[in-house]
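The file structure_31.pdb comes next; it holds PDB, C-alpha atoms.
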```
ATOM      1  CA  MET R   5      -2.287  21.805  17.036
ATOM      2  CA  ARG R   6      -4.208  18.602  17.663
ATOM      3  CA  TYR R   7      -2.716  15.475  19.208
ATOM      4  CA  ILE R   8      -1.621  12.581  17.040
ATOM      5  CA  THR R   9      -2.767   9.386  18.754
ATOM      6  CA  PHE R  10      -0.950   6.045  18.696
ATOM      7  CA  ALA R  11      -2.600   2.707  19.526
ATOM      8  CA  LEU R  12       0.119   0.279  20.604
ATOM      9  CA  SER R  13      -0.300  -3.470  21.023
ATOM     10  CA  LYS R  14      -0.046  -4.716  24.587
ATOM     11  CA  GLY R  15       2.411  -7.532  25.139
ATOM     12  CA  ARG R  16       5.545  -8.491  23.302
ATOM     13  CA  LEU R  17       5.347  -5.633  20.779
ATOM     14  CA  THR R  18       5.158  -2.866  23.415
ATOM     15  CA  GLU R  19       8.829  -2.554  24.344
ATOM     16  CA  LEU R  20      10.061  -2.736  20.753
ATOM     17  CA  SER R  21       7.473  -0.136  19.710
ATOM     18  CA  ILE R  22       8.599   2.237  22.479
ATOM     19  CA  LYS R  23      12.229   1.882  21.339
ATOM     20  CA  LEU R  24      11.282   2.919  17.777
ATOM     21  CA  LEU R  25       9.196   5.873  18.975
ATOM     22  CA  GLU R  26      12.009   7.107  21.227
ATOM     23  CA  GLY R  27      14.391   6.783  18.278
ATOM     24  CA  ALA R  28      12.014   9.091  16.384
ATOM     25  CA  GLY R  29      12.372  11.740  19.120
ATOM     26  CA  ILE R  30       9.063  10.980  20.859
ATOM     27  CA  ASP R  31       9.064  11.161  24.666
ATOM     28  CA  CYS R  32       7.735   7.861  26.037
ATOM     29  CA  THR R  33       8.488   8.539  29.736
ATOM     30  CA  GLU R  34       4.816   8.274  30.747
ATOM     31  CA  LEU R  35       4.410   5.141  28.672
ATOM     32  CA  LYS R  36       7.344   3.432  30.404
ATOM     33  CA  GLY R  37       6.159   4.410  33.893
ATOM     34  CA  LYS R  38       3.833   2.278  35.972
ATOM     35  CA  SER R  39       0.927   4.715  35.618
ATOM     36  CA  ARG R  40      -2.655   3.439  35.702
ATOM     37  CA  LYS R  41      -3.707   6.163  33.275
ATOM     38  CA  LEU R  42      -5.186   4.779  30.074
ATOM     39  CA  ILE R  43      -4.085   7.657  27.832
ATOM     40  CA  LEU R  44      -0.470   8.842  28.114
ATOM     41  CA  THR R  45       0.995  11.928  26.478
ATOM     42  CA  ASP R  46       4.121  13.539  25.120
ATOM     43  CA  GLU R  47       3.022  17.189  25.542
ATOM     44  CA  LYS R  48       6.008  18.674  23.718
ATOM     45  CA  ASN R  49       5.316  16.800  20.469
ATOM     46  CA  LYS R  50       1.524  16.761  20.963
ATOM     47  CA  ILE R  51       1.383  12.964  20.826
ATOM     48  CA  ARG R  52      -0.889  10.637  22.823
ATOM     49  CA  PHE R  53      -0.579   6.880  23.306
ATOM     50  CA  PHE R  54      -2.738   4.098  24.607
ATOM     51  CA  LEU R  55      -2.148   0.369  24.912
ATOM     52  CA  ALA R  56      -4.762  -2.018  23.541
ATOM     53  CA  LYS R  57      -5.175  -5.729  22.921
ATOM     54  CA  PRO R  58      -3.627  -6.504  19.506
ATOM     55  CA  GLY R  59      -7.002  -7.435  17.988
ATOM     56  CA  ASP R  60      -8.417  -4.034  18.975
ATOM     57  CA  VAL R  61      -5.602  -1.901  17.494
ATOM     58  CA  PRO R  62      -6.839  -2.068  13.840
ATOM     59  CA  VAL R  63     -10.370  -1.237  15.046
ATOM     60  CA  TYR R  64      -9.233   1.943  16.851
ATOM     61  CA  VAL R  65      -7.233   2.994  13.782
ATOM     62  CA  GLU R  66      -9.939   2.245  11.211
ATOM     63  CA  TYR R  67     -12.514   4.285  13.150
ATOM     64  CA  GLY R  68     -10.088   7.186  13.712
ATOM     65  CA  ALA R  69      -9.924   6.827  17.515
ATOM     66  CA  ALA R  70      -6.182   6.414  16.846
ATOM     67  CA  ASP R  71      -4.285   7.926  13.917
ATOM     68  CA  ILE R  72      -1.459   5.374  13.915
ATOM     69  CA  GLY R  73      -1.217   1.792  15.182
ATOM     70  CA  ILE R  74       1.538  -0.774  15.675
ATOM     71  CA  VAL R  75       0.333  -4.364  15.414
ATOM     72  CA  GLY R  76       1.291  -7.789  14.037
ATOM     73  CA  LYS R  77       0.512  -8.679  10.416
ATOM     74  CA  ASP R  78      -1.374 -11.754  11.718
ATOM     75  CA  THR R  79      -3.899  -9.436  13.403
ATOM     76  CA  LEU R  80      -4.229  -7.292  10.258
ATOM     77  CA  LEU R  81      -4.886 -10.379   8.105
ATOM     78  CA  GLU R  82      -7.447 -11.705  10.576
ATOM     79  CA  GLU R  83      -9.241  -8.369  11.088
ATOM     80  CA  GLY R  84      -9.230  -7.271   7.414
ATOM     81  CA  ARG R  85      -9.693  -3.574   8.272
ATOM     82  CA  ASP R  86      -9.548  -0.641   5.844
ATOM     83  CA  LEU R  87      -6.184   0.980   6.720
ATOM     84  CA  TYR R  88      -2.933   2.142   5.175
ATOM     85  CA  GLU R  89      -0.174  -0.327   6.019
ATOM     86  CA  VAL R  90       2.835   1.996   5.808
ATOM     87  CA  LEU R  91       5.822   0.151   7.303
ATOM     88  CA  ASP R  92       7.045  -3.381   7.921
ATOM     89  CA  LEU R  93       8.853  -2.837  11.239
ATOM     90  CA  GLY R  94      10.779  -6.094  10.886
ATOM     91  CA  PHE R  95      10.462  -7.321  14.486
ATOM     92  CA  ALA R  96       8.320 -10.080  16.036
ATOM     93  CA  LYS R  97       8.947 -12.172  12.923
ATOM     94  CA  CYS R  98       7.273 -15.534  12.464
ATOM     95  CA  LYS R  99       5.150 -17.385   9.907
ATOM     96  CA  MET R 100       1.463 -18.238   9.636
ATOM     97  CA  CYS R 101       1.442 -21.937   8.784
ATOM     98  CA  VAL R 102      -0.724 -24.970   8.235
ATOM     99  CA  ALA R 103       0.662 -27.747  10.431
ATOM    100  CA  GLY R 104      -0.286 -31.326  11.112
ATOM    101  CA  PRO R 105       1.032 -34.822  11.870
ATOM    102  CA  LYS R 106       4.340 -35.850  10.237
ATOM    103  CA  GLU R 107       2.633 -38.453   8.081
ATOM    104  CA  LEU R 108       0.728 -35.735   6.186
ATOM    105  CA  GLN R 109       3.977 -34.125   4.968
ATOM    106  CA  GLY R 110       3.867 -33.870   1.170
ATOM    107  CA  LYS R 111       0.370 -35.399   1.041
ATOM    108  CA  MET R 112      -1.747 -32.271   1.473
ATOM    109  CA  ASP R 113      -3.001 -32.530  -2.114
ATOM    110  CA  SER R 114      -4.060 -36.145  -1.918
ATOM    111  CA  ILE R 115      -5.979 -36.137   1.365
ATOM    112  CA  SER R 116      -9.249 -34.476   2.190
ATOM    113  CA  ILE R 117      -9.213 -32.203   5.208
ATOM    114  CA  ASN R 118     -12.492 -31.851   7.058
ATOM    115  CA  ARG R 119     -11.664 -29.873  10.174
ATOM    116  CA  VAL R 120      -9.103 -27.178  10.919
ATOM    117  CA  ALA R 121      -8.402 -25.816  14.413
ATOM    118  CA  THR R 122      -7.081 -22.267  14.773
ATOM    119  CA  LYS R 123      -7.034 -18.970  16.679
ATOM    120  CA  TYR R 124      -7.329 -17.294  13.250
ATOM    121  CA  PRO R 125     -10.626 -18.416  11.661
ATOM    122  CA  GLU R 126     -10.651 -15.743   8.912
ATOM    123  CA  ILE R 127      -7.098 -16.479   7.751
ATOM    124  CA  ALA R 128      -7.808 -20.223   7.766
ATOM    125  CA  ARG R 129     -11.115 -19.794   5.915
ATOM    126  CA  ARG R 130      -9.528 -17.646   3.187
ATOM    127  CA  TYR R 131      -6.593 -20.015   2.734
ATOM    128  CA  PHE R 132      -8.748 -23.149   2.349
ATOM    129  CA  ARG R 133     -11.415 -21.418   0.261
ATOM    130  CA  HIS R 134      -9.178 -19.477  -2.160
ATOM    131  CA  LYS R 135      -5.859 -21.272  -2.256
ATOM    132  CA  ARG R 136      -6.996 -24.874  -1.841
ATOM    133  CA  ARG R 137     -10.596 -24.481  -3.016
ATOM    134  CA  GLU R 138     -11.766 -26.697  -0.174
ATOM    135  CA  SER R 139     -14.721 -26.306   2.099
ATOM    136  CA  VAL R 140     -13.623 -27.178   5.644
ATOM    137  CA  GLU R 141     -15.078 -26.803   9.105
ATOM    138  CA  ILE R 142     -13.112 -24.189  11.054
ATOM    139  CA  ILE R 143     -12.921 -24.753  14.812
ATOM    140  CA  LYS R 144     -11.840 -21.683  16.799
ATOM    141  CA  LEU R 145      -9.673 -22.384  19.829
ATOM    142  CA  ASN R 146      -8.012 -19.956  22.230
ATOM    143  CA  GLY R 147      -5.438 -22.166  23.935
ATOM    144  CA  SER R 148      -2.782 -24.655  22.773
ATOM    145  CA  ILE R 149      -3.764 -25.198  19.141
ATOM    146  CA  GLU R 150      -1.190 -28.025  18.769
ATOM    147  CA  LEU R 151      -3.398 -30.210  20.941
ATOM    148  CA  ALA R 152      -6.221 -30.393  18.367
ATOM    149  CA  PRO R 153      -4.697 -32.952  15.914
ATOM    150  CA  LEU R 154      -3.262 -34.987  18.811
ATOM    151  CA  VAL R 155      -6.701 -35.639  20.307
ATOM    152  CA  GLY R 156      -8.535 -35.970  16.977
ATOM    153  CA  LEU R 157     -10.371 -32.635  17.095
ATOM    154  CA  SER R 158      -8.964 -31.659  13.674
ATOM    155  CA  GLU R 159      -6.651 -33.071  11.011
ATOM    156  CA  VAL R 160      -4.578 -29.895  10.770
ATOM    157  CA  ILE R 161      -4.116 -26.527  12.455
ATOM    158  CA  VAL R 162      -3.446 -22.974  11.252
ATOM    159  CA  ASP R 163      -1.179 -21.120  13.666
ATOM    160  CA  LEU R 164       1.806 -18.827  14.114
ATOM    161  CA  VAL R 165       5.135 -20.633  14.098
ATOM    162  CA  GLU R 166       8.252 -18.948  15.436
ATOM    163  CA  THR R 167      10.890 -21.658  15.926
ATOM    164  CA  GLY R 168       8.761 -24.759  15.283
ATOM    165  CA  ARG R 169       9.961 -26.368  18.514
ATOM    166  CA  THR R 170       6.499 -26.856  20.031
ATOM    167  CA  LEU R 171       5.335 -28.503  16.788
ATOM    168  CA  LYS R 172       8.329 -30.872  16.690
ATOM    169  CA  GLU R 173       7.993 -31.835  20.343
ATOM    170  CA  ASN R 174       4.418 -32.892  19.606
ATOM    171  CA  GLY R 175       5.160 -34.796  16.386
ATOM    172  CA  LEU R 176       3.735 -32.090  14.121
ATOM    173  CA  GLU R 177       5.275 -30.550  10.994
ATOM    174  CA  ILE R 178       4.706 -27.442   8.885
ATOM    175  CA  LEU R 179       2.677 -28.538   5.843
ATOM    176  CA  ASP R 180       2.405 -25.133   4.136
ATOM    177  CA  THR R 181       3.270 -21.489   4.837
ATOM    178  CA  ILE R 182       0.399 -19.035   4.410
ATOM    179  CA  SER R 183       2.222 -15.776   5.104
ATOM    180  CA  ASP R 184       5.300 -14.142   6.641
ATOM    181  CA  ILE R 185       4.372 -12.209   9.756
ATOM    182  CA  SER R 186       6.025  -9.256  11.518
ATOM    183  CA  ALA R 187       5.024  -6.031  13.276
ATOM    184  CA  ARG R 188       3.521  -3.376  10.977
ATOM    185  CA  MET R 189       2.693   0.295  11.279
ATOM    186  CA  VAL R 190      -0.780   1.262  10.071
ATOM    187  CA  VAL R 191      -2.407   4.679   9.590
ATOM    188  CA  ASN R 192      -6.020   5.820   9.462
ATOM    189  CA  ARG R 193      -6.947   6.898   5.909
ATOM    190  CA  VAL R 194      -8.474  10.264   6.893
ATOM    191  CA  SER R 195      -5.612  11.092   9.304
ATOM    192  CA  MET R 196      -3.142  10.487   6.478
ATOM    193  CA  LYS R 197      -4.852  13.256   4.476
ATOM    194  CA  MET R 198      -5.480  15.687   7.358
ATOM    195  CA  GLU R 199      -2.127  15.345   9.121
ATOM    196  CA  ASN R 200      -0.008  14.257   6.184
ATOM    197  CA  GLN R 201       3.100  16.265   7.027
ATOM    198  CA  ARG R 202       3.308  15.265  10.703
ATOM    199  CA  ILE R 203       2.506  11.620  10.074
ATOM    200  CA  THR R 204       4.948  11.407   7.147
ATOM    201  CA  ASN R 205       7.680  12.888   9.382
ATOM    202  CA  ILE R 206       7.016  10.207  12.031
ATOM    203  CA  ILE R 207       7.049   7.439   9.385
ATOM    204  CA  ASP R 208      10.330   8.761   7.938
ATOM    205  CA  SER R 209      11.997   8.961  11.381
ATOM    206  CA  ILE R 210      11.004   5.381  12.100
ATOM    207  CA  ARG R 211      11.967   4.144   8.626
ATOM    208  CA  LYS R 212      15.510   5.492   9.143
ATOM    209  CA  GLN R 213      15.925   3.200  12.148
ATOM    210  CA  LEU R 214      14.902   0.019  10.349
TER     211      LEU R 214
END
```
Show me the file's structure as C-alpha cells.
Amino acid sequence: MRYITFALSKGRLTELSIKLLEGAGIDCTELKGKSRKLILTDEKNKIRFFLAKPGDVPVYVEYGAADIGIVGKDTLLEEGRDLYEVLDLGFAKCKMCVAGPKELQGKMDSISINRVATKYPEIARRYFRHKRRESVEIIKLNGSIELAPLVGLSEVIVDLVETGRTLKENGLEILDTISDISARMVVNRVSMKMENQRITNIIDSIRKQL
C-alpha cells in the first residue's frame, strides 16, 4: 500500500490541522515533535506529512507531490491551481476586502482608482478587471499593507481582514468584500481517482468533526 501524503500549511493553520487529523484517527506524534525531519510519517496508517509555506501547498498538490493539502482560501484564490476543493474546514475565518480611507466609504462607484496595494495581486487584478471593469495599477507589497494609502502609495488596498481593528486604528474602512476566507482541504485530481476509497474515508472522518 502506498503512502498518502499531506501538505500542511506552516503557521497558524498547523495546530488546527493536526487536531482534525488526530480526530480522524491519524497519528501525528512525529508532526508534533520537535524533529528536524522534513517528511514525517504515521506508519500504521501509511500516511506522510510535510509542512510548507501556504503559497507552496497548492503547488505540491497540483503536481501530485502531495495527495491532500490544507490551506487558506486566500492562497487558493491567489494561486488559481487545478485542484479539487473538497472541504471548508471552517477555521481561520476572515474576509478578503477592499479597504481605504473613511472618506471613500460609499463613493467607490464615483471615484476613479488608479493604484491598489496588496499582497494578493491576482485576486486584486481579477476583482478590478471583472467586477469593477477598471484597469488599475497593482502594487505588490509584503509588509503592512495599511501603510500604502496613508503615505499616498495607493488609493485603496486589497487585504485580509479579521477583526478590522488595524484598519480602524489607521483611519481606514472596508469599502467592499471580495470573498469569505477560511481553511480548505484540497485533493490532487489524479490521487482522487487512484486512491478514492482511502481519501474519501479521510474526508468523511474530518467532515464528521466539523
A straight line from CA of Leu12 (chain R) to CA of Ile149 (chain R) spans 25.8 Å
For a test of reading the model, state the distance in Å between CA of Ala96 (chain R) and CA of Ile182 (chain R), rounded to one decimal.
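For CA of Ala96 (chain R) relative to CA of Ile182 (chain R), the distance reads 16.7 Å.
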Pick out the residues sitting within 12 Å of Cys98 (chain R), and hand them over as a PyMOL selection string; count all atoms listed in the file, and ignore anything fewer than 3 positions along from it in its own chain.
chain R and resi 76-78+94-95+101+163-168+181-187
What would the selection look like, as a PyMOL selection string, if the PyMOL selection byres ((chain R and resi 196-209) around 8) were run on the coordinates I just shared?
chain R and resi 27-28+71+90-91+191-195+210-213
Selection under test: the PyMOL selection byres ((chain R and resi 61) around 10); residues as an MDAnalysis selection string:
chainID R and resid 10:14 54:60 62:66 69:70 72:76 79:80 83 190
Have a look at CA of Ser21 (chain R) and CA of Leu35 (chain R) and let me know their distance in Å, one decimal.
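Distance reported for this atom pair: 10.8 Å.
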Would you translate the PyMOL selection byres ((chain R and resi 160) around 8) into the concrete set of residues it matches in this file, as a compact mmCIF listing (two decimals) with C-alpha atoms, in the coordinates of the input?
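File produced: out-v5.txt:
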```txt
# COMPACT_ATOMS: atom_id res chain seq x y z
CA VAL R 102 -0.72 -24.97 8.24
CA ALA R 103 0.66 -27.75 10.43
CA GLY R 104 -0.29 -31.33 11.11
CA PRO R 105 1.03 -34.82 11.87
CA ILE R 117 -9.21 -32.20 5.21
CA ARG R 119 -11.66 -29.87 10.17
CA VAL R 120 -9.10 -27.18 10.92
CA ALA R 121 -8.40 -25.82 14.41
CA ALA R 152 -6.22 -30.39 18.37
CA PRO R 153 -4.70 -32.95 15.91
CA SER R 158 -8.96 -31.66 13.67
CA GLU R 159 -6.65 -33.07 11.01
CA ILE R 161 -4.12 -26.53 12.46
CA VAL R 162 -3.45 -22.97 11.25
```
Using only C-alpha atoms, which of R:Ile30, R:Leu20, R:Leu145, R:Ile127 sits nearest Ile8 (chain R)?
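The shortest atom-to-atom distance to Ile8 (chain R) comes from R:Ile30.
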